[in-house]
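A.B. asks: Here it is, the structure in full.
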Amino acid sequence: MTAKISYADVEVGTELPAQTFPVTRATLVQYAGASGDFNPIHWNEKFAKEVGLPDVIAHGMFTMAEAIRVVTDWVGDPGAVVEYGVRFTRPVVVPNDDRGATVEVSGKVAAKLDDNTVRVDLTATSDGQKVLGMARAVVRLG
Amino acid sequence: MALDQSFVGRSYPPTEPYEVGREKIREFAEAVGDANPAYTDAEAAKALGHPDVIAPPTFVFAITFKAAGQVVADPQLGLDYSRVVHGDQKFAYDRPVRAGDRLTVTSTIEKIRSMAGNEVLDIRGDVHDQDGEHVVTAWTKLVARAAEEA
């Protein structure tokens with residue numbers, strides 16, 4: 001593991017570069033294929049509405065995959081992630097238009113732990129609402 | 001109907017090995033729009049100390065969730081999958097998943113709770129490689145929403 005961020009250079013409160021991730025219907029179809037999750041709530045508007053959703057929603061695991069990029073892009077080596085967990089608190093609704101939705105993710109160092117690891121707390125929002133709760137990663141720094 | 005608490009602690013037989021393919025990792029990385037070269041370029045991955053390209057952190061979910069299907073589909077447990085939503089997800093890694101891994105998953109029911117008519121099921125998936133070394137553990141919380149009044 002060779003993280004490009006040094007443990008000595010971060011402190012509690014250090015902010016990671018925030019990122020915005022676009023999500024369109026095409027993104028969801030591609031993710032369905034790559035992940036093998038073909039649940040129709042992620043691509044079939046009629047089905048989604050029949051089960052009480054406002055529209056097609058993104059895979060929670062897609063949002064989880066995007067959110068950790070704030071950490072892996074920061075450290076460079078994705079293999080430096082030791083732990084990663086989230087709670088799916090609210091769906092990312094993806095309308096069928098040119099823009100789709102966006103997920104905005106920010107992160108900051110919440111604790112310095114043993115063995116050159118730090119805990120990063122992530123915040124993910126879409127349309128102004130938090131979509132992940134308890135989104136935390138432990139990552140090993142250089 | 002409440003799920004049977006006696007299923008807590010039950011483990012299911014390990015899955016048949018899943019061989020992690022280089023192109024499957026690339027496909028996944030492209031699907032999440034992640035251009036990190038450690039996922040697609042073996043030399044870049046080696047420069048970071050990995051023997052081959054590695055998979056994004058959440059890649060392994062497809063494998064552990066399929067394994068959890070043994071639990072979900074267990075007729076004796078009686079979970080109504082049509083009402084299930086994904087509540088929480090967590091991973092703890094000993095090392096990243098990488099191309100060439102042949103991974104088996106052992107699923108265990110860690111907890112069953114009833115909350116306001118919802119059934120909450122915690123499943124742990126322990127992932128080992130072909131040498132029997134632990135790679136990652138995945139915890140998946142599934143929530144079966146209460147059936148609506150007819």
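Starting from 1 in every chain, residues are counted up; chains themselves are A, B, ... following the order of the structure tokens, and ligands are numbered from 1 as listed.
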At a cut-off of 6 Å, list the chain A residues touching chain B, using only C-alpha atoms, as a PDB file with N, CA and C atoms, in the first residue's frame.
C.D. replies:
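Heads up, here's the output in result-v2.pdb:
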ATOM      1  N   MET A   1       0.846  -1.191   0.000  1.00  0.00           N
ATOM      2  CA  MET A   1       0.000   0.000   0.000  1.00  0.00           C
ATOM      3  C   MET A   1       0.883   1.243   0.000  1.00  0.00           C
ATOM      4  N   THR A   2       0.597   2.117  -0.909  1.00  0.00           N
ATOM      5  CA  THR A   2       1.384   3.338  -0.978  1.00  0.00           C
ATOM      6  C   THR A   2       0.466   4.531  -1.184  1.00  0.00           C
ATOM      7  N   GLN A  30     -25.849   0.900 -17.280  1.00  0.00           N
ATOM      8  CA  GLN A  30     -24.469   0.411 -17.338  1.00  0.00           C
ATOM      9  C   GLN A  30     -24.070  -0.237 -16.007  1.00  0.00           C
ATOM     10  N   TYR A  31     -24.460   0.408 -14.894  1.00  0.00           N
ATOM     11  CA  TYR A  31     -24.125  -0.151 -13.585  1.00  0.00           C
ATOM     12  C   TYR A  31     -24.856  -1.477 -13.356  1.00  0.00           C
ATOM     13  N   ALA A  34     -22.868  -4.106 -15.143  1.00  0.00           N
ATOM     14  CA  ALA A  34     -21.556  -4.377 -14.550  1.00  0.00           C
ATOM     15  C   ALA A  34     -21.676  -5.070 -13.193  1.00  0.00           C
ATOM     16  N   SER A  35     -22.730  -4.736 -12.447  1.00  0.00           N
ATOM     17  CA  SER A  35     -22.863  -5.271 -11.088  1.00  0.00           C
ATOM     18  C   SER A  35     -23.746  -6.513 -11.036  1.00  0.00           C
ATOM     19  N   ALA A  65     -20.410   3.302  -4.292  1.00  0.00           N
ATOM     20  CA  ALA A  65     -19.191   3.222  -5.103  1.00  0.00           C
ATOM     21  C   ALA A  65     -18.665   4.615  -5.438  1.00  0.00           C
ATOM     22  N   GLY A  79      -6.372   0.416  -2.652  1.00  0.00           N
ATOM     23  CA  GLY A  79      -6.093  -0.690  -1.739  1.00  0.00           C
ATOM     24  C   GLY A  79      -5.801  -0.229  -0.322  1.00  0.00           C
ATOM     25  N   VAL A  82      -9.344   0.329   4.373  1.00  0.00           N
ATOM     26  CA  VAL A  82      -9.353  -0.784   5.321  1.00  0.00           C
ATOM     27  C   VAL A  82     -10.789  -1.164   5.703  1.00  0.00           C
ATOM     28  N   GLU A  83     -11.626  -0.150   5.843  1.00  0.00           N
ATOM     29  CA  GLU A  83     -13.032  -0.367   6.161  1.00  0.00           C
ATOM     30  C   GLU A  83     -13.859   0.674   5.429  1.00  0.00           C
ATOM     31  N   TYR A  84     -15.091   0.298   5.103  1.00  0.00           N
ATOM     32  CA  TYR A  84     -15.989   1.253   4.462  1.00  0.00           C
ATOM     33  C   TYR A  84     -17.419   0.812   4.722  1.00  0.00           C
ATOM     34  N   GLY A  85     -18.222   1.709   5.255  1.00  0.00           N
ATOM     35  CA  GLY A  85     -19.621   1.371   5.514  1.00  0.00           C
ATOM     36  C   GLY A  85     -20.532   2.564   5.306  1.00  0.00           C
ATOM     37  N   VAL A  86     -21.766   2.276   4.916  1.00  0.00           N
ATOM     38  CA  VAL A  86     -22.775   3.327   4.754  1.00  0.00           C
ATOM     39  C   VAL A  86     -24.143   2.792   5.181  1.00  0.00           C
ATOM     40  N   ARG A  87     -25.034   3.742   5.445  1.00  0.00           N
ATOM     41  CA  ARG A  87     -26.461   3.438   5.613  1.00  0.00           C
ATOM     42  C   ARG A  87     -27.200   4.123   4.464  1.00  0.00           C
ATOM     43  N   PHE A  88     -28.104   3.377   3.844  1.00  0.00           N
ATOM     44  CA  PHE A  88     -28.873   3.950   2.723  1.00  0.00           C
ATOM     45  C   PHE A  88     -30.114   4.619   3.292  1.00  0.00           C
TER      46      PHE A  88
END
A.B. asks: Using DSSP on the backbone coordinates, identify all residues within stretch 13-122 of chain A classified as strand (DSSP E or B); present the result as a ChimeraX atom specification.
C.D. replies: /A:15-23,57,81-88,93,101-112,117-122
A.B. asks: Could you check how far atom CA of A:Ala111 sits from atom CA of A:Val139, in Å to one decimal?
C.D. replies: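 These atoms are spaced 10.9 Å apart.
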A.B. asks: Excluding stretch 1-11 of chain B and any residue of its chain fewer than 2 positions from it, enumerate the residues within 6 Å of it, using only C-alpha atoms, and give them as an NGL selection string.
C.D. replies: :B and (107-111)
A.B. asks: Suppose we keep C-alpha atoms; can you now write the selection as a PDB file, in the first residue's frame?
C.D. replies:
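Generated file (again21.pdb):
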ATOM      1  CA  SER B 107     -22.646 -16.388   4.676  1.00  0.00           C
ATOM      2  CA  THR B 108     -23.783 -16.249   8.290  1.00  0.00           C
ATOM      3  CA  ILE B 109     -26.939 -14.777   9.787  1.00  0.00           C
ATOM      4  CA  GLU B 110     -25.667 -12.429  12.479  1.00  0.00           C
ATOM      5  CA  LYS B 111     -28.862 -10.883  13.738  1.00  0.00           C
TER       6      LYS B 111
END
A.B. asks: Do a neighbour search on A:Gly100 at 10 Å with only C-alpha atoms, toss out local chain neighbours closer than 6 positions, and write the hits as an MDAnalysis selection string.
C.D. replies: chainID A and resid 22:27 93:94
A.B. asks: Those selected residues, please, written with N, CA and C atoms and delivered as an mmCIF file, in the first residue's frame.
C.D. replies:
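Result file follows (part20.cif):
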data_model
loop_
_atom_site.group_PDB
_atom_site.id
_atom_site.type_symbol
_atom_site.label_atom_id
_atom_site.label_comp_id
_atom_site.auth_asym_id
_atom_site.auth_seq_id
_atom_site.Cartn_x
_atom_site.Cartn_y
_atom_site.Cartn_z
ATOM 1 N N PRO A 22 -22.295 12.768 -11.702
ATOM 2 C CA PRO A 22 -23.563 12.734 -12.437
ATOM 3 C C PRO A 22 -24.122 11.310 -12.528
ATOM 4 N N VAL A 23 -25.437 11.193 -12.501
ATOM 5 C CA VAL A 23 -26.112 9.899 -12.652
ATOM 6 C C VAL A 23 -27.267 10.078 -13.629
ATOM 7 N N THR A 24 -27.221 9.373 -14.737
ATOM 8 C CA THR A 24 -28.343 9.403 -15.678
ATOM 9 C C THR A 24 -28.922 7.995 -15.771
ATOM 10 N N ARG A 25 -30.022 7.881 -16.522
ATOM 11 C CA ARG A 25 -30.599 6.547 -16.740
ATOM 12 C C ARG A 25 -29.572 5.623 -17.412
ATOM 13 N N ALA A 26 -28.793 6.198 -18.316
ATOM 14 C CA ALA A 26 -27.783 5.383 -19.002
ATOM 15 C C ALA A 26 -26.744 4.873 -17.996
ATOM 16 N N THR A 27 -26.379 5.720 -17.027
ATOM 17 C CA THR A 27 -25.438 5.302 -15.992
ATOM 18 C C THR A 27 -25.975 4.081 -15.244
ATOM 19 N N VAL A 93 -33.082 9.857 -6.708
ATOM 20 C CA VAL A 93 -34.100 9.776 -7.754
ATOM 21 C C VAL A 93 -33.498 10.290 -9.062
ATOM 22 N N VAL A 94 -33.645 9.476 -10.120
ATOM 23 C CA VAL A 94 -33.000 9.806 -11.394
ATOM 24 C C VAL A 94 -34.071 10.012 -12.472
#
A.B. asks: Rounded to one decimal, what separation in Å do you get between atom CA of B:Pro17 and atom CA of B:Gly125?
C.D. replies: 13.8 Å
A.B. asks: If you run DSSP over the backbone, which residues in stretch 52-84 of chain A end up helix (DSSP H, G or I)? Put them as a list in words.
C.D. replies: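 In stretch 52-84 of chain A, DSSP puts these residues in helix (DSSP H, G or I): Gly60, Met61, Phe62, Thr63, Met64, Ala65, Glu66, Ala67, Arg69, Val70, Val71, Thr72, Asp73, Trp74, Val75, Pro78, Gly79 and Ala80 of chain A.
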A.B. asks: With only C-alpha atoms as the basis for distance, which of B:Ala147, B:Glu23, B:Arg124, B:Asp41 is at the shortest distance from B:Ala68?
C.D. replies: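 Closest candidate: B:Arg124.
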A.B. asks: Identify which of the residues B:Asn118, B:Thr15, B:Gln130, B:Thr40 lies closest to B:Gly69, counting only C-alpha atoms when measuring atom-to-atom distances.
C.D. replies: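 With only C-alpha atoms as the atom set, the closest residue is B:Thr15.
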A.B. asks: For A:Val71, find every residue with an atom within 10 Å (counting only C-alpha atoms), except residues of its own chain fewer than 5 positions away, and show them as a list in words.
C.D. replies: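 Counting only the stated atoms, we get Leu16, Pro17, Ala18, Glu66, Gly76, Asp77, Pro78, Ala80, Val81, Ser106, Gly107, Lys108, Val120, Asp121, Leu122, Ala137, Val138 and Val139 of chain A.
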A.B. asks: One number please: atom CA of B:His134 to atom CA of B:Tyr12, in Å, one decimal.
C.D. replies: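 Going from atom CA of B:His134 over to atom CA of B:Tyr12 covers 17.0 Å.
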